[in-house]
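Note: the block below is upload34.cif and it holds mmCIF, C-alpha atoms and all ligand atoms.
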```cif
data_coords
loop_
_atom_site.label_atom_id
_atom_site.label_comp_id
_atom_site.auth_asym_id
_atom_site.auth_seq_id
_atom_site.Cartn_x
_atom_site.Cartn_y
_atom_site.Cartn_z
CA MET A 1 0.00 0.00 0.00
CA LYS A 2 1.14 3.52 -0.67
CA VAL A 3 0.01 5.98 1.96
CA ASN A 4 0.66 9.67 1.62
CA SER A 5 2.13 11.73 4.43
CA GLY A 6 -0.76 14.13 4.92
CA LEU A 7 -3.51 13.52 7.44
CA GLN A 8 -6.65 15.50 6.93
CA HIS A 9 -8.81 16.09 9.95
CA GLN A 10 -12.30 17.49 9.74
CA GLU A 11 -13.60 18.98 12.99
CA ASN A 12 -17.33 18.65 12.92
CA PRO A 13 -19.45 17.54 15.90
CA THR A 14 -21.81 15.60 13.68
CA ASN A 15 -19.20 14.21 11.32
CA ASP A 16 -15.87 14.00 13.10
CA ARG A 17 -13.50 12.04 10.95
CA SER A 18 -9.90 11.87 9.87
CA PHE A 19 -8.80 10.46 6.62
CA ILE A 20 -5.69 9.89 4.58
CA LYS A 21 -5.31 9.22 0.91
CA ALA A 22 -4.04 5.77 0.06
CA THR A 23 -3.54 3.78 -3.09
CA GLY A 24 -2.63 0.26 -4.23
CA GLY A 25 -4.14 -3.01 -3.07
CA GLY A 26 -3.38 -2.28 0.58
CA ALA A 27 -5.72 0.69 0.51
CA TYR A 28 -8.50 -1.88 0.17
CA LYS A 29 -6.94 -4.63 2.25
CA PHE A 30 -6.17 -2.51 5.31
CA SER A 31 -9.10 -0.15 5.15
CA ASP A 32 -11.03 -1.80 8.00
CA LEU A 33 -7.92 -2.14 10.14
CA PHE A 34 -7.12 1.57 9.87
CA LYS A 35 -10.69 2.43 10.75
CA GLU A 36 -10.89 0.03 13.66
CA LYS A 37 -7.48 0.64 15.27
CA LEU A 38 -6.86 4.28 14.45
CA GLY A 39 -10.27 5.68 13.56
CA ILE A 40 -8.82 6.79 10.24
CA SER A 41 -10.60 6.32 6.94
CA LEU A 42 -8.54 5.52 3.90
CA GLU A 43 -9.60 7.45 0.84
CA LYS A 44 -8.75 5.25 -2.08
CA GLU A 45 -7.09 6.68 -5.14
CA ASP A 46 -6.49 4.80 -8.37
CA GLU A 47 -3.04 3.16 -8.38
CA MET A 48 -2.10 3.90 -12.01
CA ASP A 49 -3.31 7.51 -11.72
CA CYS A 50 -1.18 7.96 -8.62
CA LEU A 51 1.90 6.33 -10.11
CA VAL A 52 1.80 8.56 -13.16
CA THR A 53 1.04 11.72 -11.16
CA GLY A 54 3.91 10.93 -8.80
CA ALA A 55 6.36 10.18 -11.62
CA ASN A 56 5.43 13.27 -13.63
CA PHE A 57 5.78 15.46 -10.57
CA LEU A 58 9.18 14.08 -9.63
CA LEU A 59 10.54 14.25 -13.16
CA LYS A 60 9.53 17.88 -13.42
CA ALA A 61 10.11 19.14 -9.90
CA VAL A 62 13.16 17.35 -8.61
CA ASN A 63 16.53 18.14 -10.03
CA HIS A 64 18.51 15.02 -10.84
CA GLU A 65 15.56 12.70 -10.29
CA ALA A 66 16.48 10.32 -13.10
CA PHE A 67 19.75 8.55 -13.65
CA THR A 68 21.24 5.76 -15.70
CA TYR A 69 23.20 3.00 -14.00
CA LEU A 70 25.74 0.81 -15.74
CA ASN A 71 28.77 -1.02 -14.40
CA GLY A 72 28.28 0.59 -11.01
CA GLN A 73 28.30 4.08 -12.47
CA LYS A 74 25.31 6.35 -12.17
CA GLU A 75 24.86 9.27 -14.46
CA PHE A 76 22.16 11.84 -13.88
CA VAL A 77 19.95 12.68 -16.81
CA GLN A 78 18.87 16.23 -17.44
CA ILE A 79 15.17 16.17 -18.26
CA ASP A 80 13.81 18.86 -20.53
CA HIS A 81 10.30 19.51 -19.16
CA ASN A 82 9.08 20.40 -22.62
CA ASP A 83 10.35 17.14 -24.02
CA LEU A 84 9.38 14.68 -21.29
CA TYR A 85 6.53 12.89 -23.06
CA PRO A 86 5.92 10.26 -24.17
CA TYR A 87 7.77 7.84 -21.97
CA LEU A 88 7.36 4.32 -20.61
CA LEU A 89 6.97 3.98 -16.85
CA VAL A 90 7.78 0.53 -15.54
CA ASN A 91 6.60 0.08 -11.99
CA ILE A 92 7.97 -2.99 -10.26
CA GLY A 93 5.99 -3.82 -7.14
CA SER A 94 4.60 -7.28 -6.46
CA GLY A 95 3.85 -7.49 -10.18
CA VAL A 96 4.97 -5.21 -12.96
CA SER A 97 2.95 -2.55 -14.75
CA MET A 98 4.15 -0.85 -17.91
CA VAL A 99 2.47 2.45 -18.57
CA LYS A 100 2.83 4.68 -21.60
CA VAL A 101 2.69 8.24 -20.32
CA ASP A 102 1.69 10.98 -22.74
CA GLY A 103 1.15 13.89 -20.37
CA ASP A 104 -0.36 14.91 -17.05
CA GLY A 105 -3.24 12.50 -16.47
CA LYS A 106 -2.77 11.10 -19.97
CA PHE A 107 -1.58 7.54 -19.90
CA GLU A 108 -2.34 3.96 -20.90
CA ARG A 109 -1.24 0.77 -19.18
CA VAL A 110 0.15 -1.03 -22.22
CA SER A 111 1.64 -4.13 -20.65
CA GLY A 112 2.70 -5.89 -17.52
CA THR A 113 4.08 -9.10 -16.18
CA SER A 114 3.30 -11.19 -13.16
CA VAL A 115 6.99 -12.03 -12.83
CA GLY A 116 8.00 -9.18 -10.56
CA GLY A 117 9.08 -8.23 -7.06
CA GLY A 118 6.65 -10.67 -5.45
CA THR A 119 8.15 -13.46 -7.54
CA PHE A 120 11.66 -12.64 -6.36
CA TRP A 121 10.60 -12.39 -2.75
CA GLY A 122 8.23 -15.41 -2.85
CA LEU A 123 10.42 -17.83 -4.78
CA GLY A 124 13.51 -16.57 -2.98
CA LYS A 125 11.92 -17.21 0.40
CA LEU A 126 11.00 -20.75 -0.56
CA LEU A 127 14.38 -21.55 -2.11
CA THR A 128 16.69 -19.94 0.43
CA LYS A 129 14.52 -20.03 3.56
CA CYS A 130 15.51 -16.48 4.32
CA GLN A 131 13.22 -14.49 6.55
CA SER A 132 13.20 -11.04 5.06
CA PHE A 133 13.43 -9.31 1.73
CA ASP A 134 16.52 -7.45 2.89
CA GLU A 135 18.21 -10.72 3.78
CA LEU A 136 17.42 -12.10 0.32
CA LEU A 137 18.80 -8.99 -1.31
CA GLU A 138 21.94 -9.17 0.81
CA LEU A 139 22.39 -12.84 -0.17
CA SER A 140 22.18 -11.92 -3.84
CA ARG A 141 24.91 -9.34 -3.36
CA ARG A 142 27.33 -12.06 -2.28
CA GLY A 143 26.25 -14.73 -4.77
CA ASN A 144 27.55 -15.91 -8.13
CA ASN A 145 24.93 -16.56 -10.79
CA ARG A 146 27.28 -18.70 -12.89
CA VAL A 147 26.88 -21.58 -10.46
CA LEU A 148 23.25 -22.10 -11.47
CA ASP A 149 22.83 -20.28 -14.76
CA MET A 150 23.74 -22.08 -17.95
CA LEU A 151 25.86 -19.81 -20.11
CA VAL A 152 26.22 -19.85 -23.89
CA GLY A 153 29.80 -21.01 -23.31
CA ASP A 154 28.54 -24.01 -21.32
CA ILE A 155 26.59 -25.12 -24.37
CA TYR A 156 29.13 -24.18 -27.05
CA GLY A 157 32.32 -25.52 -25.46
CA GLY A 158 33.44 -22.18 -24.05
CA MET A 159 32.93 -20.36 -27.37
CA ASP A 160 30.84 -17.33 -28.27
CA TYR A 161 27.93 -17.90 -30.63
CA SER A 162 28.94 -14.82 -32.59
CA LYS A 163 26.72 -15.49 -35.59
CA ILE A 164 23.65 -14.63 -33.50
CA GLY A 165 25.42 -12.07 -31.32
CA LEU A 166 25.75 -14.09 -28.14
CA SER A 167 28.97 -14.01 -26.16
CA SER A 168 30.10 -17.09 -24.26
CA THR A 169 29.24 -15.34 -20.98
CA ALA A 170 25.63 -14.54 -21.90
CA ILE A 171 23.05 -16.51 -19.94
CA ALA A 172 21.59 -19.15 -22.24
CA SER A 173 19.25 -20.59 -19.63
CA SER A 174 18.56 -19.20 -16.17
CA PHE A 175 19.01 -21.97 -13.57
CA GLY A 176 19.86 -24.31 -16.48
CA ARG A 177 22.97 -25.69 -14.80
CA ALA A 178 20.87 -27.26 -12.08
CA ILE A 179 19.82 -30.00 -14.52
CA SER A 180 23.31 -31.10 -15.40
CA ASN A 181 24.23 -32.90 -12.19
CA ASN A 182 22.55 -34.67 -9.33
CA ASN A 183 22.60 -31.77 -6.94
CA GLU A 184 19.73 -31.05 -4.60
CA LEU A 185 18.70 -27.57 -3.54
CA ASP A 186 20.73 -27.94 -0.34
CA ASP A 187 23.89 -28.43 -2.39
CA TYR A 188 23.65 -24.84 -3.63
CA LYS A 189 24.53 -21.79 -1.63
CA PRO A 190 21.51 -19.56 -0.92
CA GLU A 191 23.67 -16.64 -2.12
CA ASP A 192 23.98 -18.18 -5.60
CA VAL A 193 20.29 -19.08 -5.78
CA SER A 194 19.30 -15.55 -4.84
CA ARG A 195 21.71 -14.05 -7.37
CA SER A 196 20.38 -16.15 -10.25
CA LEU A 197 16.81 -15.41 -9.27
CA LEU A 198 17.38 -11.67 -9.11
CA ARG A 199 19.16 -11.74 -12.43
CA MET A 200 16.46 -13.82 -14.11
CA ILE A 201 13.66 -11.53 -12.97
CA SER A 202 15.44 -8.22 -13.57
CA ASN A 203 16.61 -9.37 -16.99
CA ASN A 204 13.14 -10.43 -17.98
CA ILE A 205 11.59 -7.13 -16.87
CA GLY A 206 14.25 -5.16 -18.74
CA GLN A 207 13.58 -7.16 -21.88
CA ILE A 208 9.78 -6.82 -21.78
CA ALA A 209 10.12 -3.11 -21.03
CA TYR A 210 12.36 -2.53 -24.02
CA LEU A 211 10.07 -4.50 -26.33
CA ASN A 212 7.15 -2.32 -25.23
CA ALA A 213 9.15 0.85 -25.74
CA LEU A 214 9.95 -0.40 -29.21
CA ARG A 215 6.30 -1.26 -29.83
CA PHE A 216 5.23 2.34 -29.18
CA GLY A 217 8.36 4.10 -30.39
CA LEU A 218 9.20 5.44 -26.91
CA LYS A 219 12.63 6.92 -26.40
CA ARG A 220 12.69 6.83 -22.63
CA ILE A 221 12.07 4.07 -20.12
CA PHE A 222 11.88 4.98 -16.44
CA PHE A 223 11.94 2.18 -13.89
CA GLY A 224 10.35 2.68 -10.47
CA GLY A 225 8.72 0.65 -7.72
CA PHE A 226 9.64 -0.68 -4.33
CA PHE A 227 11.40 -3.73 -5.78
CA ILE A 228 14.40 -1.73 -7.00
CA ARG A 229 15.38 -0.20 -3.67
CA GLY A 230 18.49 1.42 -5.19
CA HIS A 231 20.06 -2.04 -5.35
CA SER A 232 23.06 -1.86 -7.68
CA TYR A 233 22.88 -5.37 -9.10
CA THR A 234 19.16 -5.04 -9.84
CA MET A 235 19.72 -1.77 -11.70
CA ASP A 236 22.79 -3.07 -13.47
CA THR A 237 20.94 -6.14 -14.70
CA ILE A 238 17.93 -4.16 -15.93
CA SER A 239 20.29 -1.73 -17.68
CA VAL A 240 22.23 -4.54 -19.34
CA ALA A 241 19.00 -6.13 -20.56
CA VAL A 242 17.77 -2.87 -22.11
CA HIS A 243 21.20 -2.24 -23.62
CA PHE A 244 21.41 -5.77 -25.01
CA TRP A 245 17.95 -5.91 -26.54
CA SER A 246 18.12 -2.39 -27.96
CA LYS A 247 21.62 -3.02 -29.35
CA GLY A 248 22.76 0.02 -27.37
CA GLU A 249 20.01 2.29 -28.72
CA ALA A 250 18.06 2.66 -25.46
CA LYS A 251 19.05 3.23 -21.86
CA ALA A 252 17.20 2.26 -18.71
CA MET A 253 16.64 5.17 -16.34
CA PHE A 254 15.91 4.93 -12.65
CA LEU A 255 14.21 7.30 -10.27
CA ARG A 256 15.73 8.46 -7.01
CA HIS A 257 12.37 8.34 -5.25
CA GLU A 258 11.41 5.11 -6.95
CA GLY A 259 9.38 3.66 -4.06
CA PHE A 260 7.26 6.76 -3.46
CA LEU A 261 5.54 7.30 -6.80
CA GLY A 262 2.11 6.03 -5.75
CA ALA A 263 2.22 7.67 -2.30
CA LEU A 264 3.21 10.97 -3.82
CA GLY A 265 0.45 10.74 -6.41
CA ALA A 266 -2.08 9.97 -3.67
CA PHE A 267 -0.81 12.94 -1.70
CA MET A 268 -1.20 15.18 -4.71
CA SER A 269 -4.78 14.04 -5.16
CA TYR A 270 -5.79 16.21 -2.19
CA GLU A 271 -5.15 19.05 -4.51
CA ARG A 272 -7.03 17.48 -7.41
CA HIS A 273 -10.13 16.65 -5.39
CA SER A 274 -10.60 19.07 -2.58
CA LEU A 275 -8.40 22.07 -2.97
CA ASP A 276 -11.11 24.43 -1.82
CA ASP A 277 -11.33 22.75 1.58
CA LEU A 278 -7.66 22.80 2.23
CA MET A 279 -5.09 25.18 3.43
CA THR A 280 -1.39 24.67 3.76
CA ASN A 281 -0.15 25.30 7.24
CA GLN A 282 2.60 22.87 7.93
CA SER A 283 5.42 21.10 6.21
CA VAL A 284 7.14 17.79 6.76
CA GLN A 285 10.37 16.24 5.63
CA ILE A 286 10.21 12.96 3.73
CA PRO A 287 13.61 11.32 3.96
CA VAL A 288 14.82 10.11 0.56
CA ASP A 289 15.96 6.77 1.94
CA ALA A 290 12.69 5.82 3.55
CA SER A 291 12.26 2.98 1.07
CA CYS A 292 15.69 1.56 1.67
CA GLY A 293 15.39 -0.42 4.87
CA THR A 294 18.69 -2.00 5.74
CA ASP A 295 19.99 -2.71 2.26
CA THR A 296 23.61 -1.63 2.33
CA ASN A 297 23.85 -1.09 -1.41
CA CYS A 298 20.78 1.01 -1.33
CA ASN A 299 22.02 3.08 1.56
CA GLN A 300 25.32 3.55 -0.16
CA LEU A 301 23.60 4.70 -3.30
CA GLU A 302 21.48 7.15 -1.37
CA ARG A 303 24.58 8.45 0.34
CA ASP A 304 26.16 8.88 -3.07
CA LEU A 305 23.12 10.67 -4.32
CA ASN A 306 22.92 13.13 -1.51
CA GLU A 307 23.85 12.78 2.14
CA THR A 308 21.17 14.88 3.72
CA GLU A 309 18.59 15.67 1.14
CA SER A 310 14.96 15.40 2.01
CA MET A 311 11.86 16.30 0.12
CA GLN A 312 9.60 19.09 1.25
CA CYS A 313 5.91 18.26 1.27
CA SER A 314 2.95 20.12 2.60
CA VAL A 315 0.50 18.67 5.07
CA TYR A 316 -2.99 19.95 4.71
CA GLN A 317 -5.25 20.46 7.67
CA ALA A 318 -8.73 21.77 7.47
N1 LIG A 401 11.28 -4.70 3.06
C1 LIG A 401 10.58 -5.28 2.10
N2 LIG A 401 9.68 -6.25 2.41
C2 LIG A 401 8.98 -6.87 1.45
N3 LIG A 401 9.12 -6.60 0.13
C3 LIG A 401 9.98 -5.64 -0.23
C4 LIG A 401 10.75 -4.95 0.74
N4 LIG A 401 11.50 -4.06 0.08
C5 LIG A 401 11.25 -4.19 -1.21
N5 LIG A 401 10.34 -5.15 -1.43
C6 LIG A 401 9.86 -5.55 -2.76
O1 LIG A 401 8.72 -4.77 -3.03
C7 LIG A 401 7.69 -5.59 -3.54
C8 LIG A 401 6.36 -4.98 -3.20
O2 LIG A 401 6.36 -3.71 -3.76
P1 LIG A 401 5.15 -2.69 -3.50
O3 LIG A 401 5.36 -1.52 -4.42
O4 LIG A 401 5.03 -2.42 -2.06
O5 LIG A 401 3.98 -3.56 -4.08
P2 LIG A 401 2.50 -3.77 -3.58
O6 LIG A 401 1.83 -2.51 -3.95
O7 LIG A 401 2.09 -4.94 -4.37
O8 LIG A 401 2.53 -4.03 -2.11
C9 LIG A 401 7.94 -6.93 -2.92
O9 LIG A 401 7.37 -7.96 -3.67
C10 LIG A 401 9.45 -7.00 -2.89
O10 LIG A 401 9.96 -7.49 -4.11
C1 LIG A 402 -2.11 -5.86 -10.30
C2 LIG A 402 -0.99 -4.83 -10.17
C3 LIG A 402 -1.34 -3.60 -10.99
C4 LIG A 402 -0.89 -4.41 -8.69
O1 LIG A 402 0.22 -3.53 -8.49
P1 LIG A 402 1.39 -3.89 -7.40
O2 LIG A 402 0.69 -4.02 -6.09
O3 LIG A 402 2.04 -5.18 -7.81
O4 LIG A 402 2.34 -2.74 -7.44
C5 LIG A 402 0.38 -5.43 -10.61
O5 LIG A 402 0.71 -6.46 -9.77
C6 LIG A 402 0.45 -5.90 -12.05
O6 LIG A 402 0.40 -5.12 -12.96
N1 LIG A 402 0.63 -7.22 -12.26
C7 LIG A 402 0.92 -7.78 -13.56
C8 LIG A 402 -0.32 -8.39 -14.17
C9 LIG A 402 -0.05 -8.67 -15.65
O7 LIG A 402 -0.07 -7.73 -16.44
O8 LIG A 402 0.19 -9.82 -16.00
#
```
Output the file's structure as structure tokens, nothing else.
Amino acid sequence: MKVNSGLQHQENPTNDRSFIKATGGGAYKFSDLFKEKLGISLEKEDEMDCLVTGANFLLKAVNHEAFTYLNGQKEFVQIDHNDLYPYLLVNIGSGVSMVKVDGDGKFERVSGTSVGGGTFWGLGKLLTKCQSFDELLELSRRGNNRVLDMLVGDIYGGMDYSKIGLSSTAIASSFGRAISNNNELDDYKPEDVSRSLLRMISNNIGQIAYLNALRFGLKRIFFGGFFIRGHSYTMDTISVAVHFWSKGEAKAMFLRHEGFLGALGAFMSYERHSLDDLMTNQSVQIPVDASCGTDTNCNQLERDLNETESMQCSVYQA
């Protein structure tokens, strides 16, 4: 669920209620719980609307919001506000939504895949027995995907398959090596399993994203969603996939506030729906690393991006 940071409180003896804007599945799932435990109503906003509103806002309002990431190097992209649209927004949450954005409030969800963040977390939990997403991510950082992935070189005696543009180190078949011996799951290190899984899923998302960009002639692909978490290997793999499939023509771009798109869009919907009732009288700081948990890569990246930066948001109170 994406919850915005503003709490609106209406003082009225006959209708005393507080509500916050929320979006995503959790806005439905936890609605009763919020009401029961906190006396707060969740006002549901459409998830795709919020994602696009949040992304458009960030890309226009925040300097250095978007960056490319390849071989551990990030490079900020200067966005010309007059030349932002159209673009493809790929949001990786539990599943993956691919949205063609043509302007403010103008968008179409053109594709998606059920192989997303939930797949990594779910399959990873089963295969490695780890207890948290952060643990799984940390495992992947230390793993080697070559233990389980079958490379082109494994099939072609260490050679490239140059005729079709595949180097010997390209993955021919994710997890394909597991068939070639009598190993059981326990014979593999959880680190290697997690690494192959992350690579398989990130690669697949990068590939589908590029094919959709190609389908609609979109120059830019922005990747967001809570799955990314500023994790270097995730971003590297997505970037390599886009680079590979586009033959170097396209570049994956990532968003600094990748996990907040929906929450930000929900927050901004106060303005869309009830501006007349609202007045700005307070401000809060949203830390940029709030989506990062304990992931060391992510924290490092955020440190690289900006040690102390926070985002200024208004809280509305009636
Ligand atoms: N600390 C975390 N706990 C669980 N999942 C996390 C965590 N950090 C990142 N994720 C990833 O985020 C995904 C959920 O993303 P989110 O945008 O919250 O989706 P949803 O709207 O479906 O809840 C998970 O499937 C997982 O891949
Ligand atoms: C249903 C969803 C929009 C929900 O968003 P999420 O909570 O995963 O961020 C998303 O999971 C999704 O787009 N799934 C992929 C479905 C598909 O196109 O196959």
Contact table chain A vs ligand LIG 402 (chain A), cut-off 10 Å, shortest pair per residue, all atoms listed in the file, as CSV:
```
residue,atom,partner,partner_atom,distance
A:Met1,CA,A:LIG402,O2,7.3
A:Lys2,CA,A:LIG402,O2,9.3
A:Thr23,CA,A:LIG402,O2,9.4
A:Gly24,CA,A:LIG402,O2,5.7
A:Gly25,CA,A:LIG402,O2,5.8
A:Gly26,CA,A:LIG402,O2,8.0
A:Glu47,CA,A:LIG402,O1,7.4
A:Met48,CA,A:LIG402,C3,7.6
A:Leu51,CA,A:LIG402,O4,9.5
A:Val90,CA,A:LIG402,O6,9.6
A:Asn91,CA,A:LIG402,O4,6.8
A:Ile92,CA,A:LIG402,O4,6.3
A:Gly93,CA,A:LIG402,O4,3.8
A:Ser94,CA,A:LIG402,O3,3.6
A:Gly95,CA,A:LIG402,O5,3.3
A:Val96,CA,A:LIG402,O6,4.6
A:Ser97,CA,A:LIG402,O6,4.0
A:Met98,CA,A:LIG402,O6,7.5
A:Val99,CA,A:LIG402,O6,9.6
A:Arg109,CA,A:LIG402,O6,8.7
A:Val110,CA,A:LIG402,O7,8.9
A:Ser111,CA,A:LIG402,O7,5.8
A:Gly112,CA,A:LIG402,O7,3.5
A:Thr113,CA,A:LIG402,O8,4.0
A:Ser114,CA,A:LIG402,C7,4.2
A:Val115,CA,A:LIG402,C7,7.4
A:Gly116,CA,A:LIG402,O3,7.7
A:Gly117,CA,A:LIG402,O3,7.7
A:Gly118,CA,A:LIG402,O3,7.5
A:Gly225,CA,A:LIG402,O4,7.2
A:Phe226,CA,A:LIG402,O4,8.2
A:Phe227,CA,A:LIG402,O4,9.3
A:Gly262,CA,A:LIG402,O4,8.9
```
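Distances from A:Gly39, A:Gly157, A:Gly103, A:Gly217 to Ile20 in chain A were compared using all atoms listed in the file, and the smallest one belongs to A:Gly39.
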- Do you know which residues are at most 12 Å from Ile179 in chain A counting only C-alpha atoms, after dropping those on the same chain fewer than 5 positions away, and could you put them as JSON, numbers by chain? {"A": [147, 148, 149, 150, 173, 174, 184, 185]}
- Using all atoms listed in the file, determine which residues lie at most 10 Å from Ile171 in chain A, disregarding the query and same-chain residues fewer than 4 positions distant; provide the list as number ranges by chain. A: 145-146, 149-154, 166-167, 175-176, 199-200
Kindly export the residues of the current selection with C-alpha atoms, as a CSV table (one decimal), keeping the file's coordinate frame.
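The resulting out23.csv:
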```
chain,number,residue,atom,x,y,z
A,145,ASN,CA,24.9,-16.6,-10.8
A,146,ARG,CA,27.3,-18.7,-12.9
A,149,ASP,CA,22.8,-20.3,-14.8
A,150,MET,CA,23.7,-22.1,-18.0
A,151,LEU,CA,25.9,-19.8,-20.1
A,152,VAL,CA,26.2,-19.8,-23.9
A,153,GLY,CA,29.8,-21.0,-23.3
A,154,ASP,CA,28.5,-24.0,-21.3
A,166,LEU,CA,25.8,-14.1,-28.1
A,167,SER,CA,29.0,-14.0,-26.2
A,175,PHE,CA,19.0,-22.0,-13.6
A,176,GLY,CA,19.9,-24.3,-16.5
A,199,ARG,CA,19.2,-11.7,-12.4
A,200,MET,CA,16.5,-13.8,-14.1
```
Show me, as lines of an AutoDock Vina configuration file, the centre and edge lengths in Å to one decimal of the axis-aligned box that covers every listed atom of ligand LIG 401 (chain A) with 8 Å on each side.
```
center_x = 6.7
center_y = -4.7
center_z = -0.7
size_x = 25.7
size_y = 22.4
size_z = 23.5
```
- Item | Exercise: Leu218 in chain A partners within 8 Å, only C-alpha atoms, chain neighbours under 4 positions left out, as JSON, numbers by chain | {"A": [86, 87, 88, 213, 214]}
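You will find CA of Gly206 in chain A at 5.4 Å from CA of Val242 in chain A.
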- Message: Report, in Å with one decimal, the straight-line distance from CA of Ala252 in chain A to CA of Phe67 in chain A.
- Response: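 Value for the CA of Ala252 in chain A-CA of Phe67 in chain A distance: 8.5 Å.
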- Message: Which polymer residues, whether protein, DNA or RNA, lie within 12 Å of the coordinate (29.3, -9.8, 0.5) when you count all atoms listed in the file? List them as a list in words, using the chain letters and numbers from the file.
- Response: Glu135, Leu137, Glu138, Leu139, Ser140, Arg141, Arg142, Gly143, Asn144, Glu191, Asp192, Arg195, Asp295, Thr296 and Asn297 of chain A
- Query: Between A:Phe254, A:Tyr161, A:Tyr85, A:Tyr156, which one has atoms that come closest to Thr68 in chain A, using all atoms listed in the file?
  - Reply: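 That would be A:Phe254, the residue with the smallest distance to Thr68 in chain A.
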- Query: Any idea what the distance is between CA of Ile79 in chain A and atom O8 of ligand LIG 401 (chain A)?
  - Reply: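 Atom-to-atom, CA of Ile79 in chain A to atom O8 of ligand LIG 401 (chain A), that is 28.8 Å.
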- Residue nearest ligand LIG 401 (chain A) - candidates A:Asp134, A:Asp80, A:Glu65, A:Glu36, atoms counted: only C-alpha atoms and all ligand atoms: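 The answer is A:Asp134, which sits nearest to ligand LIG 401 (chain A).
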- Query: Which residue out of A:Tyr270, A:Phe34, A:Phe260, A:Phe19 has the minimum interatomic distance to ligand LIG 401 (chain A) when all atoms listed in the file are used?
  - Reply: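 Closest candidate: A:Phe260.
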